[in-house]
Structures are given as C-alpha cells and as structure tokens.
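Undergrad: My structure is stored as structure_34.cif, with mmCIF, C-alpha atoms and all ligand atoms.
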```
data_work
loop_
_atom_site.label_atom_id
_atom_site.label_comp_id
_atom_site.auth_asym_id
_atom_site.auth_seq_id
_atom_site.Cartn_x
_atom_site.Cartn_y
_atom_site.Cartn_z
CA MET Q 9 77.32 166.84 153.70
CA ARG Q 10 76.19 166.36 150.11
CA LEU Q 11 73.73 163.51 149.62
CA ASP Q 12 75.89 161.84 146.95
CA LYS Q 13 78.94 162.01 149.23
CA PHE Q 14 76.88 160.55 152.07
CA LEU Q 15 75.80 157.64 149.86
CA SER Q 16 79.37 157.11 148.78
CA VAL Q 17 80.92 157.16 152.28
CA THR Q 18 78.28 154.77 153.55
CA ALA Q 19 79.27 152.40 150.70
CA THR Q 20 75.68 152.62 149.40
CA ALA Q 21 76.25 154.01 145.89
CA THR Q 22 78.87 155.76 143.80
CA ARG Q 23 78.22 159.41 143.05
CA SER Q 24 77.02 158.63 139.53
CA GLU Q 25 74.70 155.85 140.78
CA ALA Q 26 73.34 158.30 143.36
CA GLY Q 27 72.62 160.87 140.61
CA LYS Q 28 70.75 158.30 138.52
CA ALA Q 29 68.78 156.98 141.52
CA ALA Q 30 67.77 160.53 142.49
CA ARG Q 31 66.55 161.30 138.97
CA ALA Q 32 64.56 158.04 139.07
CA GLY Q 33 62.92 159.14 142.34
CA GLN Q 34 64.56 156.28 144.30
CA ILE Q 35 66.08 158.39 147.07
CA THR Q 36 64.06 159.96 149.86
CA VAL Q 37 65.20 162.33 152.60
CA ASN Q 38 62.88 162.40 155.61
CA GLY Q 39 60.26 160.63 153.50
CA ALA Q 40 60.30 163.09 150.58
CA PRO Q 41 61.84 162.07 147.23
CA VAL Q 42 64.75 164.26 146.10
CA LYS Q 43 65.36 164.87 142.40
CA LYS Q 44 69.07 165.70 142.65
CA ALA Q 45 71.88 164.04 144.58
CA ASP Q 46 73.84 167.23 145.22
CA VAL Q 47 71.49 168.50 147.96
CA GLN Q 48 72.90 169.04 151.45
CA ILE Q 49 71.84 166.72 154.27
CA ASP Q 50 72.72 166.34 157.92
CA PRO Q 51 74.07 162.76 158.20
CA GLU Q 52 73.35 162.59 161.94
CA ARG Q 53 69.74 163.79 161.76
CA ASP Q 54 68.22 163.27 158.31
CA ALA Q 55 66.62 159.91 157.47
CA VAL Q 56 67.84 158.81 154.03
CA CYS Q 57 66.35 155.88 152.12
CA TYR Q 58 68.03 154.49 149.00
CA CYS Q 59 65.83 152.29 146.81
CA GLY Q 60 63.56 151.73 149.82
CA THR Q 61 66.36 150.81 152.25
CA PRO Q 62 67.31 153.12 155.14
CA VAL Q 63 70.96 154.18 155.06
CA CYS Q 64 72.83 154.49 158.36
CA TYR Q 65 75.66 156.93 158.75
CA LYS Q 66 78.75 155.59 160.47
CA GLN Q 67 81.64 157.72 161.54
CA TYR Q 68 83.93 154.69 161.81
CA HIS Q 69 84.07 151.35 160.06
CA TYR Q 70 85.13 147.95 161.40
CA VAL Q 71 85.74 145.14 158.96
CA LEU Q 72 86.50 141.54 159.83
CA LEU Q 73 88.46 139.76 157.13
CA ASN Q 74 89.62 136.17 156.69
CA LYS Q 75 93.15 136.72 155.39
CA PRO Q 76 94.28 134.33 152.68
CA ASP Q 77 97.86 133.18 152.09
CA GLY Q 78 100.17 135.54 150.20
CA TYR Q 79 98.55 138.86 151.19
CA VAL Q 80 100.43 141.40 153.27
CA SER Q 81 98.91 143.34 156.17
CA ALA Q 82 99.66 146.78 154.79
CA THR Q 83 97.78 149.52 152.98
CA GLU Q 84 100.32 149.58 150.11
CA ASP Q 85 103.05 147.28 148.94
CA GLY Q 86 105.15 147.43 145.81
CA ARG Q 87 105.46 143.65 145.49
CA ASP Q 88 102.66 141.65 147.11
CA PRO Q 89 98.88 142.12 147.14
CA THR Q 90 97.61 143.81 150.30
CA VAL Q 91 94.59 142.84 152.41
CA LEU Q 92 93.04 146.19 151.41
CA GLU Q 93 92.81 144.90 147.85
CA LEU Q 94 90.25 142.34 149.05
CA LEU Q 95 87.80 145.14 149.88
CA PRO Q 96 85.68 147.23 147.49
CA PRO Q 97 87.24 150.60 146.59
CA GLN Q 98 84.88 152.61 148.84
CA TYR Q 99 86.47 150.96 151.86
CA THR Q 100 89.95 151.98 150.81
CA ALA Q 101 88.58 155.50 150.45
CA PHE Q 102 87.46 155.46 154.11
CA GLY Q 103 91.13 155.12 155.06
CA LEU Q 104 90.83 151.63 156.58
CA PHE Q 105 94.03 150.01 157.78
CA PRO Q 106 94.84 146.66 159.40
CA CYS Q 107 94.67 146.67 163.20
CA GLY Q 108 97.86 144.71 163.83
CA ARG Q 109 99.85 142.61 161.42
CA LEU Q 110 99.82 139.04 160.25
CA ASP Q 111 102.75 137.67 158.27
CA LYS Q 112 102.33 137.12 154.54
CA HIS Q 113 101.73 133.38 155.00
CA THR Q 114 99.62 133.62 158.16
CA LEU Q 115 95.89 133.13 157.59
CA GLY Q 116 92.76 134.13 159.41
CA LEU Q 117 91.16 136.89 161.39
CA MET Q 118 92.13 140.47 160.65
CA LEU Q 119 90.34 143.55 161.90
CA LEU Q 120 90.50 146.61 159.69
CA THR Q 121 89.28 149.99 160.83
CA ASP Q 122 89.54 153.70 160.22
CA ASN Q 123 89.34 154.38 163.97
CA GLY Q 124 92.99 155.02 164.82
CA ASP Q 125 92.29 155.58 168.48
CA VAL Q 126 90.57 152.22 168.98
CA ALA Q 127 93.24 150.40 166.93
CA HIS Q 128 95.98 152.00 169.01
CA ARG Q 129 94.28 150.97 172.25
CA LEU Q 130 93.63 147.39 171.11
CA LEU Q 131 97.28 147.01 170.16
CA SER Q 132 98.67 148.69 173.25
CA PRO Q 133 100.86 146.20 175.18
CA ARG Q 134 99.27 147.50 178.41
CA ARG Q 135 95.84 146.12 177.45
CA HIS Q 136 96.97 142.49 176.95
CA VAL Q 137 94.32 141.83 174.30
CA ALA Q 138 94.53 138.07 173.68
CA LYS Q 139 95.15 136.69 170.18
CA ARG Q 140 94.65 132.97 169.53
CA TYR Q 141 96.37 131.10 166.73
CA ALA Q 142 95.85 127.58 165.43
CA PHE Q 143 99.32 126.27 164.56
CA ARG Q 144 101.19 123.30 163.24
CA CYS Q 145 104.92 122.78 163.65
CA LYS Q 146 107.55 120.59 162.05
CA PHE Q 147 108.69 118.59 165.09
CA PRO Q 148 106.59 117.28 168.00
CA LEU Q 149 106.57 119.49 171.10
CA THR Q 150 107.37 118.01 174.48
CA LYS Q 151 105.63 118.84 177.76
CA GLU Q 152 108.82 120.62 178.92
CA GLU Q 153 108.88 122.78 175.79
CA CYS Q 154 105.22 123.72 176.32
CA GLU Q 155 106.13 124.68 179.89
CA ARG Q 156 108.94 126.93 178.63
CA PHE Q 157 106.46 128.48 176.24
CA ARG Q 158 104.05 129.18 179.10
CA GLU Q 159 106.76 130.74 181.24
CA GLY Q 160 107.98 133.03 178.46
CA LEU Q 161 110.97 132.44 176.20
CA VAL Q 162 114.06 134.41 175.32
CA LEU Q 163 114.12 135.10 171.57
CA GLU Q 164 117.26 135.27 169.44
CA ASP Q 165 117.47 139.06 169.86
CA GLY Q 166 117.38 138.71 173.68
CA TYR Q 167 113.72 139.77 174.04
CA GLU Q 168 111.94 137.88 176.82
CA THR Q 169 108.37 137.16 175.80
CA LYS Q 170 105.45 137.43 178.16
CA PRO Q 171 104.00 134.07 179.21
CA ALA Q 172 102.00 132.60 176.31
CA ASP Q 173 99.49 129.80 176.54
CA ILE Q 174 99.77 126.68 174.44
CA GLU Q 175 97.16 123.91 174.12
CA LEU Q 176 98.74 120.95 172.40
CA ASN Q 177 96.78 118.36 170.40
CA ALA Q 178 97.39 114.62 170.88
CA ASP Q 179 99.62 114.59 167.75
CA ALA Q 180 102.04 116.98 169.59
CA HIS Q 181 102.52 118.83 166.27
CA SER Q 182 99.53 121.15 166.41
CA GLY Q 183 97.27 123.07 168.75
CA VAL Q 184 96.36 126.60 169.78
CA ILE Q 185 98.71 129.33 171.02
CA THR Q 186 97.45 132.41 172.87
CA LEU Q 187 99.55 135.58 172.92
CA VAL Q 188 98.89 138.78 174.83
CA GLU Q 189 101.48 140.76 172.89
CA GLY Q 190 102.38 141.03 169.23
CA LYS Q 191 106.09 141.20 168.53
CA TYR Q 192 107.41 140.82 164.99
CA HIS Q 193 107.13 137.14 163.86
CA GLN Q 194 106.54 136.31 167.51
CA ILE Q 195 105.20 132.76 167.23
CA LYS Q 196 107.71 131.79 164.54
CA ARG Q 197 110.54 133.12 166.68
CA MET Q 198 109.20 131.42 169.83
CA LEU Q 199 109.18 128.09 167.99
CA GLU Q 200 112.64 128.79 166.60
CA ALA Q 201 113.86 129.35 170.17
CA LEU Q 202 112.76 125.74 170.74
CA HIS Q 203 114.63 124.62 167.57
CA ASN Q 204 111.31 123.99 165.86
CA GLN Q 205 109.52 125.54 162.89
CA ILE Q 206 105.99 126.75 162.20
CA THR Q 207 104.43 125.10 159.14
CA TYR Q 208 100.88 126.52 159.50
CA LEU Q 209 99.54 129.55 161.34
CA GLU Q 210 96.00 130.88 161.42
CA ARG Q 211 94.63 133.54 163.76
CA ILE Q 212 91.31 132.30 165.10
CA SER Q 213 90.48 135.10 167.54
CA PHE Q 214 91.44 138.63 168.42
CA GLY Q 215 90.15 139.90 171.77
CA PRO Q 216 86.38 139.33 171.76
CA LEU Q 217 86.28 138.57 168.00
CA THR Q 218 86.28 135.00 166.70
CA LEU Q 219 86.89 134.02 163.10
CA PRO Q 220 83.40 133.08 161.83
CA ALA Q 221 83.21 129.50 160.52
CA ASP Q 222 81.05 130.69 157.60
CA LEU Q 223 83.46 133.41 156.38
CA PRO Q 224 85.48 131.92 153.50
CA ARG Q 225 89.18 132.66 153.06
CA GLY Q 226 89.54 136.06 151.38
CA ALA Q 227 86.01 137.12 152.36
CA TRP Q 228 85.10 139.97 154.70
CA ARG Q 229 82.12 141.54 156.40
CA GLU Q 230 81.47 144.49 158.69
CA LEU Q 231 81.33 143.72 162.40
CA THR Q 232 77.86 143.10 163.79
CA ALA Q 233 76.59 145.69 166.30
CA GLU Q 234 77.44 143.25 169.16
CA GLU Q 235 80.97 142.65 167.86
CA GLU Q 236 81.53 146.37 167.42
CA GLN Q 237 80.41 147.03 170.99
CA ALA Q 238 82.66 144.23 172.27
CA ILE Q 239 85.67 145.73 170.45
CA LEU Q 240 84.90 149.21 171.83
CA ASP Q 241 84.62 147.71 175.33
CA ALA Q 242 87.94 145.87 174.92
CA ALA Q 243 89.54 149.18 173.91
CA LYS Q 244 88.22 151.13 176.95
N1 LIG X 1 103.28 135.33 165.07
C1 LIG X 1 103.93 135.11 163.90
O1 LIG X 1 105.04 134.58 163.88
N2 LIG X 1 103.32 135.48 162.76
C2 LIG X 1 102.10 136.04 162.73
O2 LIG X 1 101.59 136.35 161.65
C3 LIG X 1 101.43 136.26 163.94
C4 LIG X 1 102.04 135.89 165.10
#
```
Write out the structure in this file as structure tokens.

TA:
Amino acid sequence: MRLDKFLSVTATATRSEAGKAARAGQITVNGAPVKKADVQIDPERDAVCYCGTPVCYKQYHYVLLNKPDGYVSATEDGRDPTVLELLPPQYTAFGLFPCGRLDKHTLGLMLLTDNGDVAHRLLSPRRHVAKRYAFRCKFPLTKEECERFREGLVLEDGYETKPADIELNADAHSGVITLVEGKYHQIKRMLEALHNQITYLERISFGPLTLPADLPRGAWRELTAEEEQAILDAAK
C-alpha cells in the first residue's frame, strides 16, 4: 500500500498533508525518514511514525457516537442529515455504516463500523444482544402494563414481541426498557399497544457498550481496545 494511502485510511493525514510532512522529514518508516509519500509500505509489518507518533493500521473501524435529535441512521438521505455527517470525511471513505437503526428523534448510543460481518452478527435475532433505552411516556404505566410488557405484547400488525424488560421509576412515566430484538419503531409501537405514547427515547447501552457520560450529544470516538474486544466477543 502507498504510504500516503496508508496515512489517509488510518485517518492520520490527507494525501497532500502526507506529501508535505514527508518533504519536511516528519515521516519515518522503520525508523528511517522518507522524503516522498508515494513509497510502498506493508501496513501489517512496517512501523510508520507521523510527526513522532506511531500509526497503527486497522482493517476495521468501530465508532461509538452519541446521536443527537433530528439525524437519521442511514448513510445517505435526501431530506435529513445522517449520522455519518457527524464524522470527518475519512470515516465516510472507510465505508462506515450504522450497526442498527435509531429513529430520527431517538438519541444516544450508536455503533458505526465497516465490519459487515460483525454488524450482521450483532443484529442477528438469534444472538439476543440486549439494547437498553431510557424512556419517558405520556401517561403513567401501571404494574399490570409493565407485566404485559415483560411477557411480550402483540403489536398492531399482529407481531408478538419477545419479552422485554422494563424498570419503572417512581413517577411511573419514565424508566429503562431492555429489548433483545430490534423491530421497526419497536418501543413506540409497544407503548402504543398499551394506548400510551413515547415522549423521550435514548439508547444507553448496546450489548457490552454503554453510552459514556463524558461523550456530548453529537460527539463520537473510536472504541477503546477493551470495548472493541467486548463487541467482537458478543458477535462470536
Ligand atoms: N424503538 C423505537 O421505537 N425507536 C428506536 O429508535 C429504537 C427502539
């Protein structure tokens, strides 16, 4: 792989920045400065340093994003901004896509990846990967309604949901719902089946990943090595 491509796919530098840095002697390959960024390197074996910092090659990328209101979980949309637009352009170039969908007005944890196999496994209904949502609803929920929720509900299209957990706060209007499946508008439709209405929905965890308290709305970061391993384990 060309050095400038390597620096671009690792989100280190654009090709023109790489050219300038090479001419300035700021890139080393296996300890030796290179003068041009179009040299060939082996991304798996060669040790590249950019401005003194080692650059790691990653075949796949995993991004954790705190989805804000109004963004759609798609790679392209003619009308609304997409979650991909919250990432720098290099990430779009990797071919990242959202692993599962959140509705336009749902907030919180989204995983984006370019590893189609892992995404497919995490979303497979057979794996029962748990997703937790903080919610608020229009009318108070009764104990009996929570029980129906836990047993599984029949939605308006006749689909019978798998049992879902619900922890209700003392106000009876809010709490945390845990799903092990991800049908279209599932929580909204489950509440509608109880003649109620969701007024706030935020995903707070997805499998082993938890929405970090210090990640502002609209912000993102790559998974830590531990989080990445946990996601790969959950997808086994
Ligand atoms: N259930 C919903 O209704 N919406 C979401 O975004 C996620 C789960």

Undergrad: Any residue with an atom at most 8 Å from ligand LIG 1 (chain X) counts, using all atoms listed in the file. Which are they? Put them as a ChimeraX atom specification.

TA: /Q:109-115,141,190-198,209-211

Undergrad: Counting all atoms listed in the file, which of Q:Gly33, Q:Gly124, Q:Pro62, Q:Gly39 gets nearest to Pro106 (chain Q)?

TA: Q:Gly124

Undergrad: Report the distance between CA of Glu84 (chain Q) and CA of Leu104 (chain Q) in Å, rounded to one decimal place.

TA: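 Those two atoms sit 11.7 Å apart.
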
Undergrad: So, with only C-alpha atoms as the atoms that count, which of Q:Cys154, Q:Tyr208, Q:Phe143, Q:Asp165 lies closest to Ser182 (chain Q)?

TA: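 Closest to Ser182 (chain Q), using only C-alpha atoms: Q:Phe143.
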
Undergrad: Please provide the set of residues having any atom within 12 Å of Ser16 (chain Q), restricted to all atoms listed in the file, with same-chain residues fewer than 4 positions apart removed, written as a ChimeraX atom specification.

TA: /Q:9-12,20-27,45,58,63-66,96-102

Undergrad: Can you pull out the residues contacting Pro171 (chain Q)? Cut-off 10 Å, using all atoms listed in the file, and skip same-chain residues under 3 positions away; I want them as a PyMOL selection string.

TA: chain Q and resi 155-161+168+174+186-189

Undergrad: Skipping near chain neighbours, those fewer than 5 positions away, what residues fall within 9 Å of Leu119 (chain Q) using all atoms listed in the file, listed as a list in words?

TA: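 Everything that qualifies: Tyr70, Val71, Leu72, Leu73, Phe105, Pro106, Cys107, Gly108, Ala127, Phe214 and Leu217 of chain Q.
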
Undergrad: Do you know which residues are at most 8 Å from Ala238 (chain Q) counting all atoms listed in the file, after dropping those on the same chain fewer than 3 positions away, and could you put them as a list in words?

TA: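 Residues meeting the cut-off are Pro216, Leu217, Glu234, Glu235, Asp241 and Ala242 of chain Q.
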
Undergrad: Can you measure CA of Asn204 (chain Q) to CA of Thr150 (chain Q) for me? One decimal in Å is fine.

TA: 11.2 Å

Undergrad: Do you know which residues are at most 9 Å from Ile35 (chain Q) counting all atoms listed in the file, after dropping those on the same chain fewer than 3 positions away, and could you put them as a PyMOL selection string?

TA: chain Q and resi 26+29-32+39-43+45+56-60

Undergrad: Got a sec to check which residues sit within 7 Å of (95.3, 142.5, 153.0), counting all atoms listed in the file, and write them as a list in words?

TA: Lys75, Tyr79, Val80, Ser81, Ala82, Pro89, Thr90, Val91, Leu92, Glu93 and Leu94 of chain Q

Undergrad: Would you write out those residues with C-alpha atoms, as a PDB file, in the frame of the given file?

TA:
```
ATOM      1  CA  LYS Q  75      93.150 136.720 155.390  1.00  0.00           C
ATOM      2  CA  TYR Q  79      98.550 138.860 151.190  1.00  0.00           C
ATOM      3  CA  VAL Q  80     100.430 141.400 153.270  1.00  0.00           C
ATOM      4  CA  SER Q  81      98.910 143.340 156.170  1.00  0.00           C
ATOM      5  CA  ALA Q  82      99.660 146.780 154.790  1.00  0.00           C
ATOM      6  CA  PRO Q  89      98.880 142.120 147.140  1.00  0.00           C
ATOM      7  CA  THR Q  90      97.610 143.810 150.300  1.00  0.00           C
ATOM      8  CA  VAL Q  91      94.590 142.840 152.410  1.00  0.00           C
ATOM      9  CA  LEU Q  92      93.040 146.190 151.410  1.00  0.00           C
ATOM     10  CA  GLU Q  93      92.810 144.900 147.850  1.00  0.00           C
ATOM     11  CA  LEU Q  94      90.250 142.340 149.050  1.00  0.00           C
TER      12      LEU Q  94
END
```

Undergrad: Tell me, in Å to one decimal, how far CA of Ala178 (chain Q) is from CA of Leu149 (chain Q).

TA: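 Computing it gives 10.4 Å between the two atoms.
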
Undergrad: What box, with edges along x, y and z, holds each listed atom of region 77-80 of chain Q when 4 Å is added on every side, and can you state its centre and edge lengths in Å to one decimal, as AutoDock Vina command-line options?

TA:
```
--center_x 99.1 --center_y 137.3 --center_z 151.7 --size_x 10.6 --size_y 16.2 --size_z 11.1
```

Undergrad: I need the residue nearest Ser213 (chain Q) from this list: Q:Leu163, Q:Ala201, Q:Ala138, Q:Ile239. Use all atoms listed in the file for the distance.

TA: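 The closest residue to Ser213 (chain Q) is Q:Ala138.
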
Undergrad: Between Q:Ala142, Q:Ala233, Q:Leu223, Q:Leu202, which one has atoms that come closest to Glu175 (chain Q), using only C-alpha atoms?

TA: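 Among Q:Ala142, Q:Ala233, Q:Leu223, Q:Leu202, it is Q:Ala142 that comes nearest to Glu175 (chain Q).
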
Undergrad: Which is closest to Thr218 (chain Q) among Q:Thr18, Q:Thr61, Q:Gln67, Q:Asn74, if we use all atoms listed in the file?

TA: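 The shortest atom-to-atom distance to Thr218 (chain Q) comes from Q:Asn74.
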
Undergrad: Could you check the closest approach to Gly226 (chain Q) for each of Q:Asp54, Q:Ala19, Q:Pro76, Q:Val184 and tell me which residue wins, using all atoms listed in the file?

TA: Q:Pro76

Undergrad: Residues within 8 Å of (107.0, 123.9, 164.5), file coordinates, counting only C-alpha atoms: what are they? Give the list as a ChimeraX atom specification.

TA: /Q:144-149,181,196,199-200,204-207
